[in-house]
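J.: Take a look at entry-v9.txt, compact mmCIF, C-alpha atoms:
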```txt
# COMPACT_ATOMS: atom_id res chain seq x y z
CA LEU A 1 55.00 79.16 120.79
CA LEU A 2 58.28 79.45 118.90
CA GLU A 3 57.07 77.03 116.19
CA GLN A 4 53.87 79.04 115.83
CA ARG A 5 55.83 82.26 115.38
CA VAL A 6 58.04 80.59 112.77
CA ARG A 7 54.94 79.41 110.87
CA GLU A 8 53.39 82.88 111.02
CA ALA A 9 56.62 84.54 109.85
CA THR A 10 56.97 82.01 107.02
CA ALA A 11 53.38 82.59 105.91
CA GLU A 12 53.88 86.37 106.06
CA LEU A 13 57.08 86.10 104.02
CA ALA A 14 55.36 83.92 101.41
CA GLU A 15 52.52 86.45 101.13
CA LYS A 16 55.00 89.29 100.65
CA ASN A 17 56.82 87.30 97.98
CA ARG A 18 53.53 86.73 96.14
CA ALA A 19 52.77 90.45 96.34
CA ILE A 20 56.25 91.31 94.97
CA GLU A 21 55.82 88.83 92.11
CA GLN A 22 52.39 90.22 91.25
CA ALA A 23 53.78 93.77 91.29
CA SER A 24 56.65 92.70 89.03
CA GLN A 25 54.25 91.07 86.57
CA ALA A 26 52.02 94.15 86.64
CA LYS A 27 55.05 96.33 85.92
CA THR A 28 55.97 94.10 82.97
CA ARG A 29 52.43 94.30 81.56
CA LEU A 30 52.38 98.07 82.05
CA LEU A 31 55.71 98.54 80.28
CA ALA A 32 54.64 96.25 77.45
CA ALA A 33 51.38 98.15 76.98
CA ALA A 34 53.08 101.54 77.27
CA SER A 35 55.79 100.49 74.84
CA HIS A 36 53.19 99.32 72.30
CA ASP A 37 50.97 102.39 72.68
CA LEU A 38 53.81 104.90 72.59
CA ARG A 39 55.42 103.28 69.59
CA GLN A 40 52.37 104.02 67.44
CA PRO A 41 52.80 107.82 67.54
CA LEU A 42 56.56 107.33 67.23
CA HIS A 43 55.97 105.31 64.06
CA ALA A 44 53.69 108.08 62.79
CA LEU A 45 56.41 110.65 63.56
CA THR A 46 58.87 108.60 61.54
CA LEU A 47 56.50 108.51 58.55
CA PHE A 48 55.76 112.24 58.79
CA SER A 49 59.45 113.13 59.01
CA GLU A 50 60.22 110.95 55.98
CA GLY A 51 57.49 112.80 54.06
CA LEU A 52 58.90 116.15 55.11
CA ALA A 53 62.39 115.10 54.08
CA ARG A 54 61.22 114.16 50.58
CA ASP A 55 59.51 117.53 50.00
CA GLU A 56 62.06 119.79 51.69
CA PRO A 57 64.81 121.30 49.47
CA ASP A 58 66.39 123.46 52.22
CA PRO A 59 69.56 121.74 53.60
CA ALA A 60 69.18 123.42 57.03
CA ARG A 61 65.64 122.09 57.42
CA GLN A 62 66.77 118.69 56.18
CA GLN A 63 69.29 118.67 59.04
CA ARG A 64 66.54 119.47 61.56
CA ILE A 65 64.41 116.65 60.17
CA ARG A 66 67.34 114.25 60.57
CA HIS A 67 67.64 115.31 64.21
CA VAL A 68 63.93 114.59 64.73
CA ARG A 69 64.31 111.14 63.23
CA GLU A 70 67.36 110.43 65.42
CA CYS A 71 65.38 111.42 68.53
CA VAL A 72 62.49 109.18 67.52
CA ALA A 73 64.87 106.26 66.96
CA SER A 74 66.45 106.87 70.38
CA LEU A 75 63.04 106.83 72.07
CA ASP A 76 62.08 103.62 70.33
CA HIS A 77 65.37 102.03 71.38
CA LEU A 78 64.81 103.15 75.00
CA PHE A 79 61.33 101.57 75.08
CA SER A 80 62.80 98.32 73.79
CA GLU A 81 65.52 98.31 76.45
CA LEU A 82 63.05 99.04 79.27
CA LEU A 83 60.77 96.26 78.07
CA ASN A 84 63.66 93.80 77.86
CA ILE A 85 64.83 94.65 81.40
CA SER A 86 61.32 94.19 82.81
CA GLN A 87 60.80 90.88 80.97
CA ILE A 88 64.09 89.50 82.29
CA ASP A 89 63.31 90.65 85.85
CA ALA A 90 59.86 89.05 85.69
CA GLY A 91 61.25 85.76 84.40
CA VAL A 92 59.34 86.02 81.14
CA LEU A 93 62.44 85.58 78.98
CA GLN A 94 63.97 82.11 79.22
CA PRO A 95 66.73 80.74 76.97
CA ARG A 96 65.85 78.29 74.21
CA HIS A 97 69.05 76.37 73.64
CA SER A 98 70.08 74.98 70.30
CA ASP A 99 73.36 73.94 68.66
CA PHE A 100 74.71 76.27 65.99
CA ALA A 101 77.94 77.43 64.40
CA LEU A 102 79.25 80.53 66.14
CA ASP A 103 80.56 81.79 62.81
CA ARG A 104 76.96 82.21 61.57
CA LEU A 105 76.27 84.66 64.38
CA PHE A 106 79.61 86.39 63.76
CA ASP A 107 78.65 86.87 60.10
CA ASP A 108 75.44 88.61 61.20
CA VAL A 109 77.39 90.86 63.56
CA SER A 110 79.88 91.78 60.85
CA ARG A 111 77.14 92.51 58.32
CA ASN A 112 75.12 94.66 60.76
CA PHE A 113 77.92 96.70 62.33
CA ARG A 114 80.58 97.03 59.64
CA PRO A 115 78.79 99.93 57.86
CA VAL A 116 78.41 101.74 61.21
CA ALA A 117 82.10 101.27 62.03
CA GLU A 118 83.24 102.33 58.57
CA ALA A 119 81.06 105.44 58.76
CA GLN A 120 83.10 106.41 61.84
CA HIS A 121 86.38 105.48 60.09
CA LEU A 122 86.89 102.50 62.41
CA ARG A 123 88.16 99.01 61.60
CA LEU A 124 85.84 96.16 62.64
CA VAL A 125 87.54 92.75 62.72
CA VAL A 126 85.33 89.70 63.31
CA ARG A 127 87.63 86.70 63.60
CA HIS A 128 86.57 83.50 61.79
CA THR A 129 85.94 80.49 64.05
CA ASP A 130 84.92 76.88 63.49
CA LEU A 131 83.51 76.47 67.02
CA TRP A 132 79.94 75.37 67.66
CA VAL A 133 78.03 76.42 70.78
CA ARG A 134 74.90 75.36 72.61
CA SER A 135 73.05 78.56 73.38
CA ASP A 136 70.03 80.75 72.64
CA TYR A 137 70.77 82.32 69.26
CA PHE A 138 68.62 85.42 69.86
CA MET A 139 70.06 86.09 73.33
CA LEU A 140 73.64 85.49 72.23
CA SER A 141 73.14 87.75 69.22
CA ARG A 142 71.75 90.44 71.50
CA ILE A 143 74.72 90.19 73.88
CA VAL A 144 77.37 90.40 71.17
CA GLY A 145 75.42 93.11 69.36
CA ASN A 146 75.16 95.27 72.48
CA LEU A 147 78.86 94.88 73.23
CA VAL A 148 79.90 95.72 69.67
CA ALA A 149 77.52 98.69 69.53
CA ASN A 150 79.03 100.03 72.76
CA ALA A 151 82.56 99.42 71.51
CA VAL A 152 81.89 101.31 68.28
CA ARG A 153 80.13 104.13 70.14
CA TYR A 154 83.00 104.73 72.58
CA THR A 155 85.87 104.27 70.13
CA PRO A 156 86.82 107.55 68.43
CA HIS A 157 89.71 105.99 66.49
CA GLY A 158 91.26 102.57 65.92
CA GLY A 159 88.94 99.61 65.79
CA VAL A 160 86.99 96.76 67.37
CA LEU A 161 87.86 93.06 67.42
CA VAL A 162 85.37 90.21 68.00
CA ALA A 163 86.89 86.77 68.59
CA ALA A 164 86.16 83.43 70.26
CA ARG A 165 88.43 80.91 71.98
CA ARG A 166 87.77 77.48 73.38
CA ARG A 167 88.21 77.22 77.15
CA GLY A 168 87.57 73.63 78.25
CA PRO A 169 83.83 72.88 78.10
CA ARG A 170 83.04 76.50 77.25
CA VAL A 171 83.73 79.13 74.60
CA ARG A 172 84.99 82.56 75.61
CA ILE A 173 83.88 85.44 73.41
CA ASP A 174 85.92 88.66 73.51
CA VAL A 175 84.92 92.10 72.27
CA ILE A 176 88.01 94.33 72.29
CA ASP A 177 88.20 98.01 71.38
CA THR A 178 90.76 100.80 71.29
CA GLY A 179 88.30 103.33 72.72
CA ILE A 180 88.22 105.79 75.59
CA GLY A 181 88.45 103.08 78.26
CA ILE A 182 86.85 102.91 81.71
CA ALA A 183 88.39 104.08 84.98
CA PRO A 184 88.78 101.35 87.66
CA GLU A 185 86.40 103.10 90.09
CA HIS A 186 83.59 102.92 87.51
CA GLN A 187 84.01 99.29 86.47
CA ALA A 188 82.30 97.70 89.50
CA ALA A 189 78.90 99.31 88.77
CA LEU A 190 79.18 99.09 85.00
CA PHE A 191 76.63 96.25 84.63
CA ALA A 192 73.97 97.87 86.84
CA PRO A 193 70.87 99.30 85.08
CA PHE A 194 70.98 103.00 84.14
CA THR A 195 74.69 103.18 85.00
CA GLN A 196 77.25 104.80 82.73
CA ALA A 197 80.96 105.02 83.36
CA ASP A 198 81.34 108.79 83.48
CA SER A 199 78.43 111.08 82.66
CA SER A 200 80.75 113.90 81.60
CA ILE A 201 82.24 111.63 78.91
CA THR A 202 79.36 109.35 77.98
CA ARG A 203 76.99 112.28 77.52
CA ARG A 204 78.95 113.09 74.36
CA TYR A 205 78.53 109.58 72.97
CA GLY A 206 74.90 108.82 73.90
CA GLY A 207 73.50 105.57 75.28
CA THR A 208 70.86 104.68 77.86
CA GLY A 209 72.98 102.81 80.41
CA LEU A 210 70.83 99.68 79.92
CA GLY A 211 72.81 97.76 77.29
CA LEU A 212 75.43 96.28 79.62
CA ALA A 213 72.84 95.48 82.29
CA ILE A 214 70.87 93.50 79.70
CA CYS A 215 74.09 91.74 78.62
CA ARG A 216 74.84 90.67 82.21
CA GLN A 217 71.31 89.38 82.80
CA LEU A 218 71.21 87.47 79.52
CA VAL A 219 74.64 85.92 80.14
CA GLU A 220 73.57 84.83 83.62
CA LEU A 221 70.32 83.37 82.24
CA MET A 222 72.54 81.09 80.15
CA SER A 223 74.69 80.19 83.19
CA GLY A 224 77.65 82.28 82.07
CA LYS A 225 79.72 85.14 83.45
CA ILE A 226 80.68 88.46 81.93
CA SER A 227 83.61 90.66 82.90
CA VAL A 228 85.53 93.71 81.76
CA SER A 229 89.14 94.82 81.83
CA SER A 230 89.92 98.36 80.78
CA GLU A 231 92.33 101.24 81.08
CA PRO A 232 91.41 104.87 80.39
CA GLY A 233 92.67 105.98 77.01
CA LYS A 234 93.72 102.46 75.96
CA GLY A 235 90.44 100.69 75.30
CA SER A 236 88.35 97.95 76.90
CA THR A 237 87.91 94.18 76.69
CA PHE A 238 84.54 92.63 77.47
CA ARG A 239 84.48 88.84 77.72
CA PHE A 240 81.89 86.24 78.56
CA ASN A 241 81.51 82.49 78.14
CA VAL A 242 78.91 80.16 76.65
CA ILE A 243 78.55 76.38 76.54
CA LEU A 244 80.58 74.54 73.92
CA HIS A 245 78.63 72.17 71.64
CA ARG A 246 79.02 68.61 72.99
CA ALA A 247 80.36 67.18 69.73
CA ALA A 248 83.05 69.87 69.68
CA GLU A 249 83.73 69.30 73.39
CA ALA A 250 84.75 65.69 72.70
CA ALA A 251 87.16 66.72 69.93
CA PRO A 252 90.61 68.16 70.76
CA PRO A 253 91.22 71.76 69.70
CA ARG A 254 92.69 71.98 66.21
CA ALA A 255 96.20 73.46 66.05
CA ALA A 256 97.00 76.04 63.43
CA ALA A 257 99.47 75.02 60.73
CA VAL A 258 102.85 76.71 61.00
CA ASN A 259 105.44 77.00 58.25
CA PRO A 260 108.84 76.74 60.01
CA LYS A 261 110.62 78.41 57.08
CA LYS A 262 108.43 81.49 57.24
CA PRO A 263 108.64 83.85 60.23
CA GLN A 264 105.30 84.20 61.96
CA LYS A 265 103.94 87.69 62.34
CA LEU A 266 100.68 88.23 64.17
CA PRO A 267 98.08 90.52 62.61
CA ARG A 268 97.58 93.86 64.31
CA SER A 269 94.32 92.72 65.89
CA GLU A 270 96.05 89.76 67.54
CA GLU A 271 98.97 91.88 68.73
CA ARG A 272 96.53 94.26 70.37
CA ARG A 273 95.27 91.37 72.38
```
Produce structure tokens that represent the structure in this file.
T.:
Amino acid sequence: LLEQRVREATAELAEKNRAIEQASQAKTRLLAAASHDLRQPLHALTLFSEGLARDEPDPARQQRIRHVRECVASLDHLFSELLNISQIDAGVLQPRHSDFALDRLFDDVSRNFRPVAEAQHLRLVVRHTDLWVRSDYFMLSRIVGNLVANAVRYTPHGGVLVAARRRGPRVRIDVIDTGIGIAPEHQAALFAPFTQADSSITRRYGGTGLGLAICRQLVELMSGKISVSSEPGKGSTFRFNVILHRAAEAAPPRAAAVNPKKPQKLPRSEERR
């Protein structure tokens, strides 16, 4: 009788798991369809607003048109984030590993975010590295991009540093900022979806609360870990690790050349670390 009850409970649990998986897949399909269908009128709104901006000489109306375009861009970004979350949850996104120079990805990050940082009078430092990693280029680019975008958004003055260090068979990537920081009581839930550190503060800076959740899920998909250390008013450090390229793993880390006659002074970005 006990064995029969165990079999029945196991079968019931398997059926519930199948129902949950089907519901998750249905949710993913619904979000994908909704994202595609809703983006069409958003794209039309973008085109219409661009046409209005070309034909509108009034500066006040130009400002209103810019606000419309910013809202449209925010909606499009939100749809993308929701779709990414649902695809990760449904197991649709899986990493495609390849070996590549980390500096190539860092160059892309510098090129994409330096104009944004400079527009806010911030200093973006992307440290050169000769390390190679074995990872998914798209996922890794998304992780670093999300972290840098957040760092720039929540840094009113100072700057952002992106750097990589070898740690045994892995590479640790750090994104360090001099921003508003995060209180200890908010750090535990920081990587949960739709969670922001402090709504009274983050409301001023924008954001959907999905970027860090996506970062955590993508890092875990690639068998890594992500963490944060922060202090209010003194900035934050986000760090995660990826797999070191095997050829680089066999080679010892290269030491930097030091001139004993010249006193060594660290750059400001290194001192901040």
J.: Nearest to A:Ile176: which of A:Leu52, A:Leu221, A:Ile143, A:Val228 is it, counting all atoms listed in the file?
T.: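 When distances to A:Ile176 are compared using all atoms listed in the file, the smallest one comes from A:Val228.
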J.: For A:Ser110, please output as an MDAnalysis selection string all residues within 9 Å (counting all atoms listed in the file; exclusion window: fewer than 6 positions along the same chain).
T.: chainID A and resid 124:126
J.: Find the spatial neighbours of stretch 231-246 of chain A, counting all atoms listed in the file, within a cut-off of 7 Å - ignore same-chain residues fewer than 3 positions away - and output them as a ChimeraX atom specification.
T.: /A:99,132-135,169-183,224-228,249-250
J.: Which residues come within 10 Å of A:Gln217, counting only C-alpha atoms, excluding same-chain residues fewer than 2 positions away, as a short mmCIF file (atom, residue, chain, number, x, y, z; two decimals) with C-alpha atoms, keeping the file's coordinate frame?
T.:
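As a result, part.cif now contains:
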```cif
data_model
loop_
_atom_site.label_atom_id
_atom_site.label_comp_id
_atom_site.auth_asym_id
_atom_site.auth_seq_id
_atom_site.Cartn_x
_atom_site.Cartn_y
_atom_site.Cartn_z
CA ILE A 85 64.83 94.65 81.40
CA ILE A 88 64.09 89.50 82.29
CA ASP A 89 63.31 90.65 85.85
CA ILE A 143 74.72 90.19 73.88
CA PHE A 191 76.63 96.25 84.63
CA ALA A 192 73.97 97.87 86.84
CA LEU A 212 75.43 96.28 79.62
CA ALA A 213 72.84 95.48 82.29
CA ILE A 214 70.87 93.50 79.70
CA CYS A 215 74.09 91.74 78.62
CA VAL A 219 74.64 85.92 80.14
CA GLU A 220 73.57 84.83 83.62
CA LEU A 221 70.32 83.37 82.24
CA MET A 222 72.54 81.09 80.15
CA SER A 223 74.69 80.19 83.19
CA GLY A 224 77.65 82.28 82.07
CA LYS A 225 79.72 85.14 83.45
CA ILE A 226 80.68 88.46 81.93
#
```
J.: Report the distance between atom CA of A:Cys71 and atom CA of A:His121 in Å, rounded to one decimal place.
T.: 23.4 Å
J.: Could you jot down the atom CA of A:Arg153 to atom CA of A:Leu190 separation for me, Å, one decimal place?
T.: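 Computed distance, atom CA of A:Arg153 to atom CA of A:Leu190, equals 15.7 Å.
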J.: Tell me, in Å to one decimal, how far atom CA of A:Ser230 is from atom CA of A:Leu131.
T.: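 According to the coordinates, atom CA of A:Ser230 and atom CA of A:Leu131 are separated by 26.6 Å.
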J.: Between A:Asp136, A:Glu50, A:Glu21, A:Glu15, which has the minimum distance to A:His97 (counting all atoms listed in the file)?
T.: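 With all atoms listed in the file as the atom set, the closest residue is A:Asp136.
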J.: Hey, which of A:Arg39, A:Gly51, A:His128, A:Glu3 ends up closest to A:Ser74? Count all atoms listed in the file.
T.: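 For A:Ser74, the nearest of the given residues is A:Arg39.
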J.: Choose the residue, out of A:Val72, A:Leu42, A:Ala149, A:Ala163, that has the smallest atom-to-atom separation from A:Leu102; count only C-alpha atoms.
T.: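 Checking each candidate against A:Leu102, we get A:Ala163 as the closest.
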J.: Could you add all heavy atoms to stretch 172-183 of chain A and give me the result as a PDB file, in the coordinates of the input?
T.:
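So result_5.pdb came out as:
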```pdb
ATOM      1  N   ARG A 172      84.898  81.179  75.153  1.00  0.00           N
ATOM      2  CA  ARG A 172      84.990  82.560  75.610  1.00  0.00           C
ATOM      3  C   ARG A 172      84.942  83.485  74.412  1.00  0.00           C
ATOM      4  O   ARG A 172      85.706  83.329  73.462  1.00  0.00           O
ATOM      5  CB  ARG A 172      86.288  82.788  76.389  1.00  0.00           C
ATOM      6  CG  ARG A 172      86.284  84.112  77.171  1.00  0.00           C
ATOM      7  CD  ARG A 172      87.630  84.386  77.765  1.00  0.00           C
ATOM      8  NE  ARG A 172      88.554  84.921  76.759  1.00  0.00           N
ATOM      9  CZ  ARG A 172      89.864  85.034  76.945  1.00  0.00           C
ATOM     10  NH1 ARG A 172      90.407  84.630  78.065  1.00  0.00           N
ATOM     11  NH2 ARG A 172      90.628  85.539  75.989  1.00  0.00           N
ATOM     12  N   ILE A 173      84.035  84.446  74.473  1.00  0.00           N
ATOM     13  CA  ILE A 173      83.880  85.440  73.410  1.00  0.00           C
ATOM     14  C   ILE A 173      84.415  86.770  73.916  1.00  0.00           C
ATOM     15  O   ILE A 173      84.035  87.232  75.000  1.00  0.00           O
ATOM     16  CB  ILE A 173      82.407  85.566  72.978  1.00  0.00           C
ATOM     17  CG1 ILE A 173      81.903  84.223  72.423  1.00  0.00           C
ATOM     18  CG2 ILE A 173      82.243  86.665  71.935  1.00  0.00           C
ATOM     19  CD1 ILE A 173      80.439  84.211  72.073  1.00  0.00           C
ATOM     20  N   ASP A 174      85.308  87.379  73.143  1.00  0.00           N
ATOM     21  CA  ASP A 174      85.920  88.660  73.510  1.00  0.00           C
ATOM     22  C   ASP A 174      85.473  89.740  72.533  1.00  0.00           C
ATOM     23  O   ASP A 174      85.439  89.518  71.311  1.00  0.00           O
ATOM     24  CB  ASP A 174      87.448  88.575  73.456  1.00  0.00           C
ATOM     25  CG  ASP A 174      88.009  87.599  74.468  1.00  0.00           C
ATOM     26  OD1 ASP A 174      87.336  87.344  75.469  1.00  0.00           O
ATOM     27  OD2 ASP A 174      89.127  87.091  74.244  1.00  0.00           O
ATOM     28  N   VAL A 175      85.158  90.900  73.076  1.00  0.00           N
ATOM     29  CA  VAL A 175      84.920  92.100  72.270  1.00  0.00           C
ATOM     30  C   VAL A 175      85.909  93.146  72.768  1.00  0.00           C
ATOM     31  O   VAL A 175      85.814  93.625  73.901  1.00  0.00           O
ATOM     32  CB  VAL A 175      83.477  92.605  72.401  1.00  0.00           C
ATOM     33  CG1 VAL A 175      83.294  93.887  71.596  1.00  0.00           C
ATOM     34  CG2 VAL A 175      82.484  91.541  71.931  1.00  0.00           C
ATOM     35  N   ILE A 176      86.885  93.477  71.911  1.00  0.00           N
ATOM     36  CA  ILE A 176      88.010  94.330  72.290  1.00  0.00           C
ATOM     37  C   ILE A 176      87.979  95.607  71.457  1.00  0.00           C
ATOM     38  O   ILE A 176      87.762  95.551  70.243  1.00  0.00           O
ATOM     39  CB  ILE A 176      89.345  93.593  72.057  1.00  0.00           C
ATOM     40  CG1 ILE A 176      89.314  92.226  72.758  1.00  0.00           C
ATOM     41  CG2 ILE A 176      90.527  94.416  72.531  1.00  0.00           C
ATOM     42  CD1 ILE A 176      90.455  91.313  72.346  1.00  0.00           C
ATOM     43  N   ASP A 177      88.176  96.742  72.115  1.00  0.00           N
ATOM     44  CA  ASP A 177      88.200  98.010  71.380  1.00  0.00           C
ATOM     45  C   ASP A 177      89.395  98.838  71.784  1.00  0.00           C
ATOM     46  O   ASP A 177      90.068  98.551  72.783  1.00  0.00           O
ATOM     47  CB  ASP A 177      86.891  98.785  71.591  1.00  0.00           C
ATOM     48  CG  ASP A 177      86.712  99.242  73.028  1.00  0.00           C
ATOM     49  OD1 ASP A 177      87.521 100.054  73.512  1.00  0.00           O
ATOM     50  OD2 ASP A 177      85.743  98.798  73.685  1.00  0.00           O
ATOM     51  N   THR A 178      89.669  99.865  71.008  1.00  0.00           N
ATOM     52  CA  THR A 178      90.760 100.800  71.290  1.00  0.00           C
ATOM     53  C   THR A 178      90.172 102.150  71.689  1.00  0.00           C
ATOM     54  O   THR A 178      90.709 103.201  71.338  1.00  0.00           O
ATOM     55  CB  THR A 178      91.665 100.970  70.061  1.00  0.00           C
ATOM     56  OG1 THR A 178      90.862 101.448  68.962  1.00  0.00           O
ATOM     57  CG2 THR A 178      92.302  99.658  69.664  1.00  0.00           C
ATOM     58  N   GLY A 179      89.058 102.117  72.424  1.00  0.00           N
ATOM     59  CA  GLY A 179      88.300 103.330  72.720  1.00  0.00           C
ATOM     60  C   GLY A 179      88.798 104.104  73.925  1.00  0.00           C
ATOM     61  O   GLY A 179      89.959 104.025  74.328  1.00  0.00           O
ATOM     62  N   ILE A 180      87.869 104.849  74.525  1.00  0.00           N
ATOM     63  CA  ILE A 180      88.220 105.790  75.590  1.00  0.00           C
ATOM     64  C   ILE A 180      88.554 105.085  76.905  1.00  0.00           C
ATOM     65  O   ILE A 180      89.180 105.680  77.776  1.00  0.00           O
ATOM     66  CB  ILE A 180      87.068 106.791  75.823  1.00  0.00           C
ATOM     67  CG1 ILE A 180      85.780 106.054  76.234  1.00  0.00           C
ATOM     68  CG2 ILE A 180      86.841 107.637  74.591  1.00  0.00           C
ATOM     69  CD1 ILE A 180      84.646 106.973  76.585  1.00  0.00           C
ATOM     70  N   GLY A 181      88.142 103.822  77.054  1.00  0.00           N
ATOM     71  CA  GLY A 181      88.450 103.080  78.260  1.00  0.00           C
ATOM     72  C   GLY A 181      87.553 103.460  79.430  1.00  0.00           C
ATOM     73  O   GLY A 181      86.751 104.405  79.360  1.00  0.00           O
ATOM     74  N   ILE A 182      87.692 102.716  80.533  1.00  0.00           N
ATOM     75  CA  ILE A 182      86.850 102.910  81.710  1.00  0.00           C
ATOM     76  C   ILE A 182      87.753 102.946  82.935  1.00  0.00           C
ATOM     77  O   ILE A 182      88.586 102.053  83.140  1.00  0.00           O
ATOM     78  CB  ILE A 182      85.827 101.764  81.857  1.00  0.00           C
ATOM     79  CG1 ILE A 182      85.002 101.629  80.567  1.00  0.00           C
ATOM     80  CG2 ILE A 182      84.909 101.993  83.051  1.00  0.00           C
ATOM     81  CD1 ILE A 182      84.293 100.307  80.448  1.00  0.00           C
ATOM     82  N   ALA A 183      87.582 103.948  83.760  1.00  0.00           N
ATOM     83  CA  ALA A 183      88.390 104.080  84.980  1.00  0.00           C
ATOM     84  C   ALA A 183      88.048 102.940  85.955  1.00  0.00           C
ATOM     85  O   ALA A 183      86.907 102.480  86.003  1.00  0.00           O
ATOM     86  CB  ALA A 183      88.123 105.424  85.639  1.00  0.00           C
TER      87      ALA A 183
END
```
